[in-house]
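Structure file data33.cif (mmCIF, C-alpha atoms) follows.
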data_start
#
loop_
_atom_site.group_PDB
_atom_site.id
_atom_site.type_symbol
_atom_site.label_atom_id
_atom_site.label_comp_id
_atom_site.auth_asym_id
_atom_site.auth_seq_id
_atom_site.Cartn_x
_atom_site.Cartn_y
_atom_site.Cartn_z
ATOM 1 C CA MET A 1348 21.958 4.184 -15.514
ATOM 2 C CA ALA A 1349 22.304 7.836 -16.479
ATOM 3 C CA GLU A 1350 19.508 7.432 -19.027
ATOM 4 C CA GLN A 1351 17.225 5.864 -16.421
ATOM 5 C CA LYS A 1352 17.830 8.745 -13.999
ATOM 6 C CA LYS A 1353 17.041 11.190 -16.768
ATOM 7 C CA ILE A 1354 13.748 9.406 -17.537
ATOM 8 C CA GLU A 1355 12.780 9.309 -13.847
ATOM 9 C CA LYS A 1356 13.520 13.007 -13.532
ATOM 10 C CA GLN A 1357 11.298 13.726 -16.525
ATOM 11 C CA LEU A 1358 8.431 11.645 -15.134
ATOM 12 C CA SER A 1359 8.704 12.901 -11.546
ATOM 13 C CA LEU A 1360 6.273 15.684 -10.736
ATOM 14 C CA PRO A 1361 7.137 18.378 -8.181
ATOM 15 C CA LEU A 1362 5.827 18.008 -4.632
ATOM 16 C CA LYS A 1363 3.749 21.132 -5.237
ATOM 17 C CA ASN A 1364 1.769 19.239 -7.907
ATOM 18 C CA ALA A 1365 1.190 16.347 -5.524
ATOM 19 C CA VAL A 1366 -0.110 18.751 -2.871
ATOM 20 C CA GLN A 1367 -2.459 20.437 -5.353
ATOM 21 C CA MET A 1368 -3.814 17.087 -6.555
ATOM 22 C CA SER A 1369 -4.264 15.872 -2.978
ATOM 23 C CA VAL A 1370 -6.278 18.979 -2.075
ATOM 24 C CA ARG A 1371 -8.407 18.582 -5.184
ATOM 25 C CA ASN A 1372 -9.042 14.896 -4.457
ATOM 26 C CA MET A 1373 -10.100 15.722 -0.893
ATOM 27 C CA LYS A 1374 -12.581 18.293 -2.204
ATOM 28 C CA VAL A 1375 -13.979 15.889 -4.805
ATOM 29 C CA ARG A 1376 -14.311 13.072 -2.259
ATOM 30 C CA PHE A 1377 -15.372 15.283 0.623
ATOM 31 C CA GLY A 1378 -17.563 12.608 2.214
ATOM 32 C CA ARG A 1379 -14.680 10.141 2.406
ATOM 33 C CA ALA A 1380 -12.421 12.876 3.788
ATOM 34 C CA ILE A 1381 -14.980 13.634 6.515
ATOM 35 C CA ILE A 1382 -15.149 9.951 7.518
ATOM 36 C CA ILE A 1383 -11.368 9.629 7.859
ATOM 37 C CA THR A 1384 -10.955 12.973 9.633
ATOM 38 C CA THR A 1385 -13.812 12.223 12.043
ATOM 39 C CA SER A 1386 -12.297 8.846 12.901
ATOM 40 C CA ILE A 1387 -9.041 10.555 13.854
ATOM 41 C CA LEU A 1388 -10.867 13.383 15.644
ATOM 42 C CA LEU A 1389 -12.808 11.009 17.908
ATOM 43 C CA GLY A 1390 -9.770 8.925 18.823
ATOM 44 C CA ILE A 1391 -7.605 11.955 19.590
ATOM 45 C CA ALA A 1392 -10.414 13.742 21.451
ATOM 46 C CA PHE A 1393 -10.753 10.726 23.740
ATOM 47 C CA LEU A 1394 -6.980 10.475 24.230
ATOM 48 C CA THR A 1395 -6.634 14.189 24.995
ATOM 49 C CA SER A 1396 -9.601 14.209 27.359
ATOM 50 C CA VAL A 1397 -8.107 11.326 29.341
ATOM 51 C CA ARG A 1398 -4.681 12.961 29.529
ATOM 52 C CA ALA A 1399 -6.215 16.336 30.422
ATOM 53 C CA GLY A 1400 -8.318 14.681 33.119
ATOM 54 C CA ASN A 1401 -5.210 13.062 34.583
ATOM 55 C CA ALA A 1402 -3.451 16.438 34.516
ATOM 56 C CA PHE A 1403 -6.350 18.069 36.379
ATOM 57 C CA ASN A 1404 -6.363 15.246 38.947
ATOM 58 C CA MET A 1405 -2.627 15.520 39.594
ATOM 59 C CA SER A 1406 -2.872 19.290 39.889
ATOM 60 C CA LEU A 1407 -5.749 18.960 42.354
ATOM 61 C CA ILE A 1408 -3.790 16.396 44.385
ATOM 62 C CA LEU A 1409 -0.699 18.606 44.523
ATOM 63 C CA ASN A 1410 -2.287 22.039 44.796
ATOM 64 C CA GLY A 1411 -5.928 21.575 45.780
ATOM 65 C CA PRO A 1412 -7.618 21.464 49.187
ATOM 66 C CA GLU A 1413 -6.628 18.504 51.367
ATOM 67 C CA GLU A 1414 -10.093 16.914 51.372
ATOM 68 C CA ILE A 1415 -10.150 16.833 47.561
ATOM 69 C CA SER A 1416 -6.529 15.726 47.104
ATOM 70 C CA SER A 1417 -6.818 12.861 49.597
ATOM 71 C CA LEU A 1418 -9.998 11.603 47.923
ATOM 72 C CA LEU A 1419 -8.491 11.674 44.431
ATOM 73 C CA ALA A 1420 -5.211 10.047 45.488
ATOM 74 C CA VAL A 1421 -6.982 6.843 46.577
ATOM 75 C CA ASP A 1422 -8.290 5.739 43.179
ATOM 76 C CA ILE A 1423 -5.984 7.464 40.699
ATOM 77 C CA ALA A 1424 -3.667 4.485 39.980
ATOM 78 C CA GLU A 1425 -6.526 2.083 39.211
ATOM 79 C CA VAL A 1426 -8.358 4.662 37.114
ATOM 80 C CA ASN A 1427 -5.216 5.460 35.081
ATOM 81 C CA ALA A 1428 -4.629 1.780 34.292
ATOM 82 C CA ARG A 1429 -8.217 1.310 33.133
ATOM 83 C CA GLN A 1430 -8.099 4.463 31.037
ATOM 84 C CA GLY A 1431 -4.842 3.323 29.419
ATOM 85 C CA TRP A 1432 -6.551 0.219 28.033
ATOM 86 C CA LEU A 1433 -9.499 2.248 26.774
ATOM 87 C CA VAL A 1434 -7.237 4.766 25.026
ATOM 88 C CA SER A 1435 -5.198 1.993 23.383
ATOM 89 C CA LEU A 1436 -8.369 0.321 22.145
ATOM 90 C CA SER A 1437 -9.791 3.567 20.775
ATOM 91 C CA LEU A 1438 -6.556 4.359 18.896
ATOM 92 C CA LEU A 1439 -6.480 0.825 17.469
ATOM 93 C CA VAL A 1440 -10.037 1.241 16.202
ATOM 94 C CA CYS A 1441 -9.010 4.634 14.813
ATOM 95 C CA ILE A 1442 -6.081 3.293 12.783
ATOM 96 C CA VAL A 1443 -8.107 0.317 11.511
ATOM 97 C CA GLY A 1444 -10.774 2.775 10.357
ATOM 98 C CA ILE A 1445 -8.141 4.839 8.541
ATOM 99 C CA ILE A 1446 -6.741 1.780 6.748
ATOM 100 C CA ASN A 1447 -10.218 0.607 5.753
ATOM 101 C CA ALA A 1448 -11.282 4.031 4.461
ATOM 102 C CA MET A 1449 -8.047 4.501 2.512
ATOM 103 C CA LEU A 1450 -8.339 1.031 0.947
ATOM 104 C CA MET A 1451 -11.866 1.884 -0.176
ATOM 105 C CA SER A 1452 -10.490 5.129 -1.601
ATOM 106 C CA VAL A 1453 -7.870 3.166 -3.564
ATOM 107 C CA THR A 1454 -10.610 0.952 -5.014
ATOM 108 C CA GLU A 1455 -12.756 3.939 -5.974
ATOM 109 C CA ARG A 1456 -9.818 5.686 -7.625
ATOM 110 C CA SER A 1457 -8.341 2.704 -9.450
ATOM 111 C CA LYS A 1458 -9.112 4.129 -12.903
ATOM 112 C CA GLU A 1459 -7.655 7.496 -11.925
ATOM 113 C CA ILE A 1460 -4.503 5.788 -10.631
ATOM 114 C CA GLY A 1461 -4.234 3.672 -13.785
ATOM 115 C CA THR A 1462 -4.601 6.742 -15.986
ATOM 116 C CA MET A 1463 -1.880 8.621 -14.095
ATOM 117 C CA LYS A 1464 0.472 5.646 -14.390
ATOM 118 C CA CYS A 1465 -0.250 5.325 -18.112
ATOM 119 C CA LEU A 1466 0.675 8.998 -18.468
ATOM 120 C CA GLY A 1467 4.006 8.317 -16.768
ATOM 121 C CA ALA A 1468 3.426 8.950 -13.060
ATOM 122 C CA LEU A 1469 5.968 7.088 -10.941
ATOM 123 C CA ASP A 1470 5.017 4.829 -8.032
ATOM 124 C CA LYS A 1471 6.631 7.408 -5.736
ATOM 125 C CA PHE A 1472 4.204 10.089 -6.923
ATOM 126 C CA ILE A 1473 1.165 7.850 -6.300
ATOM 127 C CA VAL A 1474 2.424 7.099 -2.784
ATOM 128 C CA GLU A 1475 2.986 10.809 -2.142
ATOM 129 C CA LEU A 1476 -0.612 11.581 -3.115
ATOM 130 C CA PHE A 1477 -2.085 9.186 -0.567
ATOM 131 C CA LEU A 1478 0.365 10.079 2.194
ATOM 132 C CA LEU A 1479 -0.219 13.811 1.726
ATOM 133 C CA GLU A 1480 -3.984 13.316 1.889
ATOM 134 C CA SER A 1481 -3.636 11.212 5.016
ATOM 135 C CA LEU A 1482 -1.267 13.781 6.541
ATOM 136 C CA ALA A 1483 -3.895 16.480 5.993
ATOM 137 C CA HIS A 1484 -6.607 14.282 7.534
ATOM 138 C CA GLY A 1485 -4.338 13.579 10.494
ATOM 139 C CA LEU A 1486 -3.448 17.208 11.147
ATOM 140 C CA ILE A 1487 -7.003 18.519 10.853
ATOM 141 C CA GLY A 1488 -8.549 15.684 12.852
ATOM 142 C CA SER A 1489 -5.847 15.746 15.533
ATOM 143 C CA ILE A 1490 -5.952 19.511 16.074
ATOM 144 C CA ALA A 1491 -9.753 19.531 16.275
ATOM 145 C CA GLY A 1492 -9.795 16.430 18.488
ATOM 146 C CA ALA A 1493 -7.180 17.812 20.882
ATOM 147 C CA ILE A 1494 -9.072 21.088 21.274
ATOM 148 C CA ILE A 1495 -12.389 19.289 21.820
ATOM 149 C CA GLY A 1496 -10.797 16.915 24.354
ATOM 150 C CA VAL A 1497 -9.306 19.726 26.446
ATOM 151 C CA LEU A 1498 -12.455 21.865 26.316
ATOM 152 C CA THR A 1499 -14.644 18.908 27.287
ATOM 153 C CA MET A 1500 -12.588 18.021 30.363
ATOM 154 C CA THR A 1501 -12.257 21.680 31.359
ATOM 155 C CA VAL A 1502 -16.051 22.007 31.352
ATOM 156 C CA VAL A 1503 -16.467 18.716 33.261
ATOM 157 C CA TYR A 1504 -14.016 19.743 35.991
ATOM 158 C CA LEU A 1505 -15.406 23.276 36.068
ATOM 159 C CA ILE A 1506 -18.847 21.841 36.824
ATOM 160 C CA GLN A 1507 -17.397 19.575 39.533
ATOM 161 C CA TYR A 1508 -14.971 21.958 41.228
ATOM 162 C CA GLY A 1509 -16.016 25.424 40.105
ATOM 163 C CA GLY A 1510 -13.526 28.275 39.903
ATOM 164 C CA LEU A 1511 -10.887 26.211 41.737
ATOM 165 C CA ILE A 1512 -9.977 24.684 38.365
ATOM 166 C CA PHE A 1513 -8.674 28.007 37.058
ATOM 167 C CA GLN A 1514 -6.503 28.420 40.151
ATOM 168 C CA ILE A 1515 -4.775 25.063 39.671
ATOM 169 C CA PHE A 1516 -5.030 24.880 35.844
ATOM 170 C CA PRO A 1517 -2.010 22.798 34.664
ATOM 171 C CA THR A 1518 -1.213 24.935 31.616
ATOM 172 C CA VAL A 1519 2.215 23.480 30.817
ATOM 173 C CA VAL A 1520 1.046 19.873 31.111
ATOM 174 C CA ILE A 1521 -2.076 20.549 29.032
ATOM 175 C CA VAL A 1522 -0.034 22.180 26.263
ATOM 176 C CA LYS A 1523 2.339 19.197 26.229
ATOM 177 C CA ASP A 1524 -0.612 16.790 26.100
ATOM 178 C CA VAL A 1525 -2.172 18.691 23.194
ATOM 179 C CA LEU A 1526 1.084 18.673 21.219
ATOM 180 C CA PHE A 1527 1.591 14.977 21.960
ATOM 181 C CA SER A 1528 -1.944 14.143 20.822
ATOM 182 C CA ILE A 1529 -1.572 16.124 17.589
ATOM 183 C CA LEU A 1530 1.742 14.457 16.755
ATOM 184 C CA LEU A 1531 0.404 11.001 17.600
ATOM 185 C CA GLY A 1532 -2.779 11.477 15.572
ATOM 186 C CA THR A 1533 -0.835 12.708 12.550
ATOM 187 C CA PHE A 1534 1.622 9.824 12.871
ATOM 188 C CA LEU A 1535 -1.176 7.241 13.085
ATOM 189 C CA ALA A 1536 -2.893 8.755 10.044
ATOM 190 C CA VAL A 1537 0.271 8.478 7.953
ATOM 191 C CA VAL A 1538 1.035 4.957 9.213
ATOM 192 C CA GLY A 1539 -2.542 3.910 8.443
ATOM 193 C CA ALA A 1540 -2.112 5.130 4.861
ATOM 194 C CA LEU A 1541 1.162 3.291 4.173
ATOM 195 C CA TYR A 1542 -0.378 -0.037 3.139
ATOM 196 C CA PRO A 1543 -3.154 1.491 0.967
ATOM 197 C CA ALA A 1544 -0.545 3.780 -0.642
ATOM 198 C CA TYR A 1545 1.678 0.784 -1.391
ATOM 199 C CA ILE A 1546 -1.254 -1.122 -2.917
ATOM 200 C CA SER A 1547 -2.170 1.834 -5.123
ATOM 201 C CA ALA A 1548 1.430 2.313 -6.294
ATOM 202 C CA LYS A 1549 1.785 -1.349 -7.287
ATOM 203 C CA MET A 1550 -1.362 -1.425 -9.431
ATOM 204 C CA GLU A 1551 -0.846 -2.436 -13.046
ATOM 205 C CA PRO A 1552 -2.082 0.500 -15.179
ATOM 206 C CA ALA A 1553 -4.118 -1.578 -17.645
ATOM 207 C CA GLU A 1554 -5.733 -3.645 -14.885
ATOM 208 C CA ALA A 1555 -6.513 -0.541 -12.812
ATOM 209 C CA ILE A 1556 -8.243 1.174 -15.744
ATOM 210 C CA ARG A 1557 -10.373 -1.904 -16.494
ATOM 211 C CA ARG A 1558 -11.390 -2.425 -12.874
ATOM 212 C CA GLU A 1559 -15.073 -1.893 -12.142
ATOM 213 C CA VAL A 1560 -15.932 -0.282 -8.787
#

Show me the file's structure as C-alpha cells.
Amino acid sequence: MAEQKKIEKQLSLPLKNAVQMSVRNMKVRFGRAIIITTSILLGIAFLTSVRAGNAFNMSLILNGPEEISSLLAVDIAEVNARQGWLVSLSLLVCIVGIINAMLMSVTERSKEIGTMKCLGALDKFIVELFLLESLAHGLIGSIAGAIIGVLTMTVVYLIQYGGLIFQIFPTVVIVKDVLFSILLGTFLAVVGALYPAYISAKMEPAEAIRREV
C-alpha cells in the first residue's frame, strides 16, 4: 500500500501543470474552444435577459407610474411561466452542446491522451485537464453572456420607457441575477464535461494511440 502511494505521488503532476496544459490545449484548439464558449454564452445571455426583464417589470410595477404598473401586472404571471420553459429548453440545448463538443474533443485528442497515459499520467490528471478546460469555457462564456443579457434588456427597456428605467433600475436584483447566471453557466459547463472526462480517463493507452480520427 505504501509503495502504491509512493508511485501515485511520483506520477501525479501538480495542478499548476494541468492548468498550463489546459490553457495550451485551448489555444491549439481555438475553434473548438470558441464553439463551446459560444454555446454557453448564448444560453446564459438568454437566461440573464429573461431574469433582467422580469426584474425591470417588477420594479416598474412597484415603483413606476400607475398606468404602466397596472398594465404589466395583468400578464406577468403567464409571461413568466412561458419564459421559464424557454429558459429550461435553452439551457438543456446548451449542456447537450457542451457534452457533444467535449466528446468530439476527446476523439480528436485520443492519441495525445494515450501518449500521456503511456508516460505515466494518472486518470485523475486526465480528468483534471478536461474539467479545467470546461471550467474556463464556463467562466468566460457565462460572464460574457450575463453582461450581454443585461445590456440587451437595458437597451430594450430604455427604448420602451426612456429615462424612467434609470430611476427604477433594480441594481441589487440585477447583480444577484448576474452572479446566479455566472455560477449556473460555470456549473453546467463542468457537469457537461464530466462524462467526456470520464471517457477520456478510461481509455486504454495502446488503443487510444492507434485510434484514427

Pick from A:Val1366, A:Leu1482, A:Val1434, A:Leu1511 nearest to A:Arg1398, counting all atoms listed in the file: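 Closest residue, counting all atoms listed in the file: A:Val1434.
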
Distance of atom CA of A:Thr1385 from atom CA of A:Lys1458, expressed in Å to one decimal place: 26.6 Å

Under the PyMOL selection byres ((chain A and resi 1383) around 8), which residues of this model are included? Write them out as an MDAnalysis selection string. chainID A and resid 1379:1382 1384:1387 1444:1445 1448 1484

Apply the PyMOL selection byres ((chain A and resi 1501) around 9) to the structure shown and report the selected residues as a CSV table (one decimal) with C-alpha atoms, keeping the file's coordinate frame.
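Generated file (expr34.csv):
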chain,number,residue,atom,x,y,z
A,1396,SER,CA,-9.6,14.2,27.4
A,1399,ALA,CA,-6.2,16.3,30.4
A,1400,GLY,CA,-8.3,14.7,33.1
A,1403,PHE,CA,-6.4,18.1,36.4
A,1496,GLY,CA,-10.8,16.9,24.4
A,1497,VAL,CA,-9.3,19.7,26.4
A,1498,LEU,CA,-12.5,21.9,26.3
A,1499,THR,CA,-14.6,18.9,27.3
A,1500,MET,CA,-12.6,18.0,30.4
A,1502,VAL,CA,-16.1,22.0,31.4
A,1503,VAL,CA,-16.5,18.7,33.3
A,1504,TYR,CA,-14.0,19.7,36.0
A,1505,LEU,CA,-15.4,23.3,36.1
A,1506,ILE,CA,-18.8,21.8,36.8
A,1512,ILE,CA,-10.0,24.7,38.4

Cut-off 10 Å: closest stretch 1480-1517 of chain A/stretch 1526-1550 of chain A atom pairs per residue, using all atoms listed in the file, as CSV:
residue,atom,partner,partner_atom,distance
A:Glu1480,CA,A:Val1537,CA,8.8
A:Ser1481,CA,A:Val1537,CA,5.6
A:Leu1482,CA,A:Val1537,CA,5.7
A:Ala1483,CA,A:Thr1533,CA,8.2
A:His1484,CA,A:Ala1536,CA,7.1
A:Gly1485,CA,A:Thr1533,CA,4.2
A:Leu1486,CA,A:Thr1533,CA,5.4
A:Ile1487,CA,A:Thr1533,CA,8.6
A:Gly1488,CA,A:Gly1532,CA,7.6
A:Ser1489,CA,A:Ile1529,CA,4.8
A:Ile1490,CA,A:Ile1529,CA,5.7
A:Ala1491,CA,A:Ile1529,CA,9.0
A:Gly1492,CA,A:Ile1529,CA,8.3
A:Ala1493,CA,A:Ser1528,CA,6.4
A:Ile1494,CA,A:Ile1529,CA,9.7
A:Gly1496,CA,A:Ser1528,CA,9.9

Suppose you want the space between atom CA of A:Leu1394 and atom CA of A:Leu1476; what is it in Å?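 Here the two named atoms are 28.1 Å from each other.
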
What is the distance between atom CA of A:Gly1390 and atom CA of A:Ile1442, in Å to one decimal?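 Calculated distance between atom CA of A:Gly1390 and atom CA of A:Ile1442 is 9.0 Å.
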
Here's the selection I'm unsure about, the PyMOL selection byres ((chain A and resi 1465-1468) around 6); applied to the file above, which residues does it give, as a PyMOL selection string? chain A and resi 1358+1462-1464+1469+1552

A:Val1474, A:Leu1439, A:Leu1407, A:Ala1392: which is nearest A:Gln1514, counting only C-alpha atoms?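 Smallest distance to A:Gln1514 is found for A:Leu1407.
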
For stretch 1482-1494 of chain A of the block above, can you save N, CA and C atoms as an mmCIF file, in the first residue's frame?
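Output saved as out.cif:
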data_model
loop_
_atom_site.group_PDB
_atom_site.id
_atom_site.type_symbol
_atom_site.label_atom_id
_atom_site.label_comp_id
_atom_site.auth_asym_id
_atom_site.auth_seq_id
_atom_site.Cartn_x
_atom_site.Cartn_y
_atom_site.Cartn_z
ATOM 1 N N LEU A 1482 -14.177 24.395 -17.194
ATOM 2 C CA LEU A 1482 -14.366 25.467 -16.216
ATOM 3 C C LEU A 1482 -14.033 26.825 -16.826
ATOM 4 N N ALA A 1483 -12.948 26.866 -17.596
ATOM 5 C CA ALA A 1483 -12.561 28.119 -18.266
ATOM 6 C C ALA A 1483 -13.612 28.535 -19.289
ATOM 7 N N HIS A 1484 -14.086 27.564 -20.088
ATOM 8 C CA HIS A 1484 -15.154 27.861 -21.053
ATOM 9 C C HIS A 1484 -16.378 28.413 -20.329
ATOM 10 N N GLY A 1485 -16.743 27.752 -19.222
ATOM 11 C CA GLY A 1485 -17.930 28.161 -18.482
ATOM 12 C C GLY A 1485 -17.821 29.561 -17.916
ATOM 13 N N LEU A 1486 -16.677 29.875 -17.324
ATOM 14 C CA LEU A 1486 -16.489 31.206 -16.738
ATOM 15 C C LEU A 1486 -16.526 32.299 -17.803
ATOM 16 N N ILE A 1487 -15.748 32.097 -18.864
ATOM 17 C CA ILE A 1487 -15.684 33.111 -19.926
ATOM 18 C C ILE A 1487 -17.044 33.295 -20.589
ATOM 19 N N GLY A 1488 -17.660 32.169 -20.977
ATOM 20 C CA GLY A 1488 -18.957 32.243 -21.646
ATOM 21 C C GLY A 1488 -20.044 32.815 -20.757
ATOM 22 N N SER A 1489 -20.030 32.438 -19.472
ATOM 23 C CA SER A 1489 -21.068 32.906 -18.547
ATOM 24 C C SER A 1489 -20.936 34.398 -18.251
ATOM 25 N N ILE A 1490 -19.710 34.851 -18.027
ATOM 26 C CA ILE A 1490 -19.501 36.280 -17.750
ATOM 27 C C ILE A 1490 -19.917 37.124 -18.953
ATOM 28 N N ALA A 1491 -19.455 36.712 -20.140
ATOM 29 C CA ALA A 1491 -19.817 37.452 -21.357
ATOM 30 C C ALA A 1491 -21.321 37.399 -21.603
ATOM 31 N N GLY A 1492 -21.915 36.211 -21.429
ATOM 32 C CA GLY A 1492 -23.351 36.059 -21.651
ATOM 33 C C GLY A 1492 -24.182 36.881 -20.685
ATOM 34 N N ALA A 1493 -23.776 36.906 -19.411
ATOM 35 C CA ALA A 1493 -24.514 37.677 -18.409
ATOM 36 C C ALA A 1493 -24.469 39.168 -18.721
ATOM 37 N N ILE A 1494 -23.302 39.648 -19.114
ATOM 38 C CA ILE A 1494 -23.160 41.072 -19.458
ATOM 39 C C ILE A 1494 -24.011 41.418 -20.677
#
